[in-house]
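A quick write-up on the structure given underneath.
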Amino acid sequence: MCQQSIVFFDIDGTLLDHDKKLPSSTKQAVKQVKEAGHIVAIATGRAPFMYESLRKELDIHTFVSYNGSYVVVEDEVVFTNPLDQKALIALTAEGLRNNHPIVFMDEQDMKANVPDHDYINESIESLKIDCFPSHDPHYYKDRALYQSLFFCAEGEEQAYQEKYPTFEFVRWHPLSVDILPKGGSKAKGIEQAVKALQIADENVYAFGDGLNDLEMLQTVVNSVAMGNGEEEVKAVAKHVTKDVAEDGLFHGLKMVGLI
């Protein structure tokens with residue numbers, strides 16, 4: 001049998017196409033990778049509850065969520081890196097004064113601190129997911145939060161970045177940024193998963209397309225950028241495959257010899 005490897009896939013633009021659909025070629029490719037004896041994993045900025053159905057469809061039990069802040073290996077939590085609660089409370093209060101709402105997120109759910117807001121509606125709807133945040137302004141209390149969504153127009157996050165140095169502000173939509181623990185990344189989460197599985201670095205693969213995949217693709221030895229990826233992402237990857245809509249993931253896996 002071949003030496004076991006692990007391959008991490010981003011979701012949007014990598015596993016899922018431009019319409020947030022799972023191409024049949026991708027599903028078949030993932031099946032072939034597993035049949036070859038390798039581990040298939042996910043590395044995403046999404047919360048675990050946002051892609052539970054995808055994990056079930058692809059029979060995936062190892063994943064890096066929240067851009068590295070919540071890591072699960074074979075259905076067991078192996079690493080968490082929650083947000084600084086004191087700083088989050090201060091940021092929430094300041095955001096309210098500026099009409100910049102926030103959505104609190106843990107591993108199970110997400111709650112908005114305001115009952116309704118156009119920025120929240122527009123950006124969450126763009127994800128085309130089945131869940132939507134309900135209202136609970138006190139959801140941060142007595143629980144670990146691994147990410148928050150902060151809603152403001154492009155450029156407005158800069159003032160907050162200077163005031164809250166324990167956070168990373170990563171824009172994912174014209175009206176919203178992810179709030180992450182400073183120094184967290186998919187790469188750091190992958191490092192924790194690989195350590196738990198005791199897999200050698202040369203047997204680790206990663207596929208991605210977005211700016212939050214940059215560090216992952218720079219760090220993982222066998223990195224593949226999707227053809228639809230950002231130019232900065234393609235520049236740092238070891239390989240570049242076709243567009244996700246052109247069976248890019250299937251071709252990429254063939255390119256690196258996993259199928």
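The way I read the labels, and the way they are meant: chains A, B, ... in the order of the structure tokens, residue 1 as the first residue of every chain, and ligand 1 as the first ligand shown, with later ones counted on from there.
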Based on the backbone DSSP call, show me all residues of range 139-252 of chain A assigned strand (DSSP E or B), as a PDB file with C-alpha atoms, in the first residue's frame.
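After the write, states.pdb holds the following:
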ATOM      1  CA  GLN A 147     -14.648  33.861  15.197  1.00  0.00           C
ATOM      2  CA  SER A 148     -16.970  36.799  14.745  1.00  0.00           C
ATOM      3  CA  LEU A 149     -18.317  38.541  11.671  1.00  0.00           C
ATOM      4  CA  PHE A 150     -18.024  42.312  11.827  1.00  0.00           C
ATOM      5  CA  PHE A 151     -20.076  44.339   9.383  1.00  0.00           C
ATOM      6  CA  PHE A 167      -7.555  40.437  16.518  1.00  0.00           C
ATOM      7  CA  GLU A 168      -7.011  39.854  12.812  1.00  0.00           C
ATOM      8  CA  PHE A 169      -9.536  41.549  10.519  1.00  0.00           C
ATOM      9  CA  VAL A 170      -9.874  39.602   7.259  1.00  0.00           C
ATOM     10  CA  ARG A 171     -12.298  40.902   4.654  1.00  0.00           C
ATOM     11  CA  TRP A 172     -14.432  38.292   2.899  1.00  0.00           C
ATOM     12  CA  HIS A 173     -17.266  40.496   1.570  1.00  0.00           C
ATOM     13  CA  SER A 176     -18.075  42.196   6.234  1.00  0.00           C
ATOM     14  CA  VAL A 177     -14.786  41.081   7.786  1.00  0.00           C
ATOM     15  CA  ASP A 178     -13.875  37.990   9.783  1.00  0.00           C
ATOM     16  CA  ILE A 179     -12.532  38.691  13.255  1.00  0.00           C
ATOM     17  CA  LEU A 180      -9.932  36.076  14.161  1.00  0.00           C
ATOM     18  CA  PRO A 181      -7.385  35.644  16.951  1.00  0.00           C
ATOM     19  CA  VAL A 204       0.698  16.881   3.373  1.00  0.00           C
ATOM     20  CA  TYR A 205      -1.232  18.502   0.494  1.00  0.00           C
ATOM     21  CA  ALA A 206      -3.452  21.581   0.360  1.00  0.00           C
ATOM     22  CA  PHE A 207      -5.771  23.084  -2.270  1.00  0.00           C
ATOM     23  CA  GLY A 208      -7.114  26.638  -2.146  1.00  0.00           C
ATOM     24  CA  ASN A 222       2.533  20.143  -1.706  1.00  0.00           C
ATOM     25  CA  SER A 223       0.326  23.158  -2.458  1.00  0.00           C
ATOM     26  CA  VAL A 224      -2.131  23.536  -5.317  1.00  0.00           C
ATOM     27  CA  ALA A 225      -3.914  26.756  -6.325  1.00  0.00           C
ATOM     28  CA  HIS A 239       1.152  23.854  -8.616  1.00  0.00           C
ATOM     29  CA  VAL A 240      -1.773  25.559 -10.365  1.00  0.00           C
TER      30      VAL A 240
END
According to DSSP computed on the backbone, where in range 83-245 of chain A is there alpha helix (DSSP H)? Give the residues as a PyMOL selection string. chain A and resi 85-97+118-126+157-163+186-197+214-219+231-236
Saved selection, atoms kept: N, CA and C atoms, as a compact mmCIF listing (two decimals), in the first residue's frame:
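Result file is result_2.txt:
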# COMPACT_ATOMS: atom_id res chain seq x y z
N GLN A 85 -12.09 37.61 24.94
CA GLN A 85 -13.46 38.04 25.24
C GLN A 85 -13.53 39.51 25.66
N LYS A 86 -12.58 39.95 26.45
CA LYS A 86 -12.60 41.35 26.92
C LYS A 86 -12.52 42.32 25.75
N ALA A 87 -11.62 42.03 24.82
CA ALA A 87 -11.48 42.88 23.64
C ALA A 87 -12.72 42.80 22.75
N LEU A 88 -13.32 41.62 22.68
CA LEU A 88 -14.52 41.44 21.86
C LEU A 88 -15.69 42.26 22.40
N ILE A 89 -15.84 42.30 23.70
CA ILE A 89 -16.91 43.09 24.32
C ILE A 89 -16.72 44.57 24.01
N ALA A 90 -15.48 45.06 24.11
CA ALA A 90 -15.19 46.47 23.81
C ALA A 90 -15.45 46.78 22.33
N LEU A 91 -15.03 45.88 21.45
CA LEU A 91 -15.25 46.06 20.01
C LEU A 91 -16.74 46.07 19.69
N THR A 92 -17.49 45.19 20.32
CA THR A 92 -18.93 45.12 20.09
C THR A 92 -19.61 46.43 20.47
N ALA A 93 -19.24 46.97 21.61
CA ALA A 93 -19.83 48.22 22.08
C ALA A 93 -19.50 49.38 21.14
N GLU A 94 -18.24 49.44 20.70
CA GLU A 94 -17.85 50.51 19.78
C GLU A 94 -18.54 50.36 18.43
N GLY A 95 -18.65 49.12 17.97
CA GLY A 95 -19.32 48.87 16.71
C GLY A 95 -20.78 49.29 16.73
N LEU A 96 -21.44 49.04 17.85
CA LEU A 96 -22.84 49.46 17.98
C LEU A 96 -22.99 50.97 17.85
N ARG A 97 -22.06 51.70 18.44
CA ARG A 97 -22.12 53.16 18.36
C ARG A 97 -21.94 53.65 16.93
N ASP A 118 -29.15 45.44 7.25
CA ASP A 118 -28.97 45.19 5.82
C ASP A 118 -27.61 44.58 5.50
N TYR A 119 -26.56 45.02 6.18
CA TYR A 119 -25.21 44.49 5.92
C TYR A 119 -25.15 42.99 6.23
N ILE A 120 -25.77 42.61 7.35
CA ILE A 120 -25.79 41.19 7.73
C ILE A 120 -26.56 40.39 6.69
N ASN A 121 -27.73 40.87 6.34
CA ASN A 121 -28.57 40.15 5.39
C ASN A 121 -27.87 39.92 4.06
N GLU A 122 -27.28 40.98 3.51
CA GLU A 122 -26.66 40.88 2.19
C GLU A 122 -25.44 39.96 2.19
N SER A 123 -24.58 40.09 3.17
CA SER A 123 -23.35 39.30 3.16
C SER A 123 -23.60 37.84 3.50
N ILE A 124 -24.46 37.55 4.47
CA ILE A 124 -24.74 36.16 4.82
C ILE A 124 -25.46 35.45 3.67
N GLU A 125 -26.36 36.16 3.02
CA GLU A 125 -27.08 35.56 1.89
C GLU A 125 -26.13 35.18 0.76
N SER A 126 -25.01 35.89 0.62
CA SER A 126 -24.06 35.59 -0.45
C SER A 126 -23.38 34.24 -0.24
N GLU A 157 -12.65 49.06 8.59
CA GLU A 157 -12.09 48.17 9.61
C GLU A 157 -10.71 48.64 10.09
N GLN A 158 -10.07 49.53 9.32
CA GLN A 158 -8.70 49.93 9.66
C GLN A 158 -8.60 50.59 11.03
N ALA A 159 -9.57 51.42 11.36
CA ALA A 159 -9.54 52.08 12.66
C ALA A 159 -9.65 51.07 13.80
N TYR A 160 -10.42 50.02 13.57
CA TYR A 160 -10.57 48.98 14.60
C TYR A 160 -9.29 48.15 14.72
N GLN A 161 -8.64 47.91 13.61
CA GLN A 161 -7.40 47.12 13.63
C GLN A 161 -6.37 47.74 14.56
N GLU A 162 -6.29 49.05 14.52
CA GLU A 162 -5.31 49.75 15.35
C GLU A 162 -5.66 49.68 16.83
N LYS A 163 -6.94 49.65 17.14
CA LYS A 163 -7.38 49.67 18.54
C LYS A 163 -7.46 48.29 19.17
N LYS A 186 -5.14 29.11 8.70
CA LYS A 186 -5.35 27.72 8.28
C LYS A 186 -4.06 26.92 8.43
N ALA A 187 -2.94 27.56 8.13
CA ALA A 187 -1.64 26.88 8.23
C ALA A 187 -1.39 26.39 9.65
N LYS A 188 -1.70 27.23 10.66
CA LYS A 188 -1.48 26.85 12.05
C LYS A 188 -2.43 25.70 12.43
N GLY A 189 -3.66 25.76 11.94
CA GLY A 189 -4.60 24.68 12.22
C GLY A 189 -4.17 23.37 11.59
N ILE A 190 -3.69 23.44 10.36
CA ILE A 190 -3.19 22.24 9.68
C ILE A 190 -2.02 21.65 10.44
N GLU A 191 -1.15 22.50 10.95
CA GLU A 191 -0.01 22.04 11.73
C GLU A 191 -0.47 21.21 12.93
N GLN A 192 -1.54 21.65 13.59
CA GLN A 192 -2.07 20.92 14.74
C GLN A 192 -2.68 19.57 14.33
N ALA A 193 -3.39 19.56 13.21
CA ALA A 193 -4.00 18.32 12.73
C ALA A 193 -2.94 17.31 12.32
N VAL A 194 -1.93 17.78 11.59
CA VAL A 194 -0.86 16.90 11.11
C VAL A 194 -0.07 16.33 12.29
N LYS A 195 0.14 17.16 13.30
CA LYS A 195 0.84 16.72 14.51
C LYS A 195 0.06 15.60 15.20
N ALA A 196 -1.27 15.77 15.30
CA ALA A 196 -2.09 14.75 15.96
C ALA A 196 -2.09 13.44 15.19
N LEU A 197 -2.01 13.53 13.87
CA LEU A 197 -2.04 12.33 13.02
C LEU A 197 -0.65 11.75 12.78
N LEU A 214 -3.49 31.89 1.50
CA LEU A 214 -2.11 32.25 1.19
C LEU A 214 -1.10 31.56 2.10
N GLU A 215 -1.25 31.73 3.40
CA GLU A 215 -0.28 31.15 4.32
C GLU A 215 -0.30 29.63 4.25
N MET A 216 -1.49 29.06 4.09
CA MET A 216 -1.61 27.60 3.96
C MET A 216 -0.80 27.10 2.78
N LEU A 217 -0.95 27.75 1.63
CA LEU A 217 -0.27 27.30 0.43
C LEU A 217 1.22 27.63 0.44
N GLN A 218 1.60 28.64 1.20
CA GLN A 218 3.02 28.94 1.36
C GLN A 218 3.70 27.94 2.29
N THR A 219 2.94 27.39 3.24
CA THR A 219 3.50 26.54 4.29
C THR A 219 3.50 25.06 3.94
N GLU A 231 -4.51 35.91 -7.99
CA GLU A 231 -3.17 35.86 -8.57
C GLU A 231 -2.10 35.69 -7.50
N GLU A 232 -2.29 36.33 -6.34
CA GLU A 232 -1.32 36.19 -5.25
C GLU A 232 -1.25 34.75 -4.77
N VAL A 233 -2.39 34.07 -4.80
CA VAL A 233 -2.45 32.67 -4.36
C VAL A 233 -1.73 31.76 -5.35
N LYS A 234 -1.96 31.99 -6.62
CA LYS A 234 -1.28 31.19 -7.65
C LYS A 234 0.23 31.39 -7.58
N ALA A 235 0.64 32.60 -7.23
CA ALA A 235 2.07 32.91 -7.21
C ALA A 235 2.83 32.13 -6.14
N VAL A 236 2.17 31.79 -5.04
CA VAL A 236 2.88 31.11 -3.94
C VAL A 236 2.72 29.59 -3.98
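Note that CA of Asp213 in chain A and CA of Lys128 in chain A are 20.5 Å apart.
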Min atom-atom distance to Thr166 in chain A from the set A:Pro82, A:Ala153, A:Leu127, A:Glu202, counting only C-alpha atoms, belongs to A:Pro82
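Proximity ranking of A:Met110, A:Ala144, A:Ile42, A:Ala47 relative to Leu16 in chain A places A:Ile42 first, based on only C-alpha atoms.
The gap separating CA of Val73 in chain A from CA of Gln3 in chain A is 18.9 Å, in Å to one decimal.
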Which residues come within 12 Å of Ser25 in chain A, counting only C-alpha atoms, excluding same-chain residues fewer than 2 positions away, as a PyMOL selection string? chain A and resi 15-17+21-23+27-32+244-254
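If you look at CA of Met50 in chain A and CA of Ala237 in chain A, they are 26.8 Å away from each other.
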Top pick for closest residue to His117 in chain A, considering A:His38, A:Tyr51, A:Val103, A:Glu156 and counting only C-alpha atoms: A:Val103
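When only C-alpha atoms are used to compute distances to Thr14 in chain A, the closest of the residues A:Gly37, A:Ile259, A:Gly229, A:Glu154 turns out to be A:Gly229.
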Name the closest residue to Asn99 in chain A among the candidates A:Phe79, A:Ala41, A:Cys152, A:Tyr139; distances are taken between atoms, counting only C-alpha atoms. A:Cys152
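Distance check against Ile39 in chain A using only C-alpha atoms: of A:Thr80, A:Thr241, A:Ser134, A:Ser5, the minimum falls on A:Ser5.
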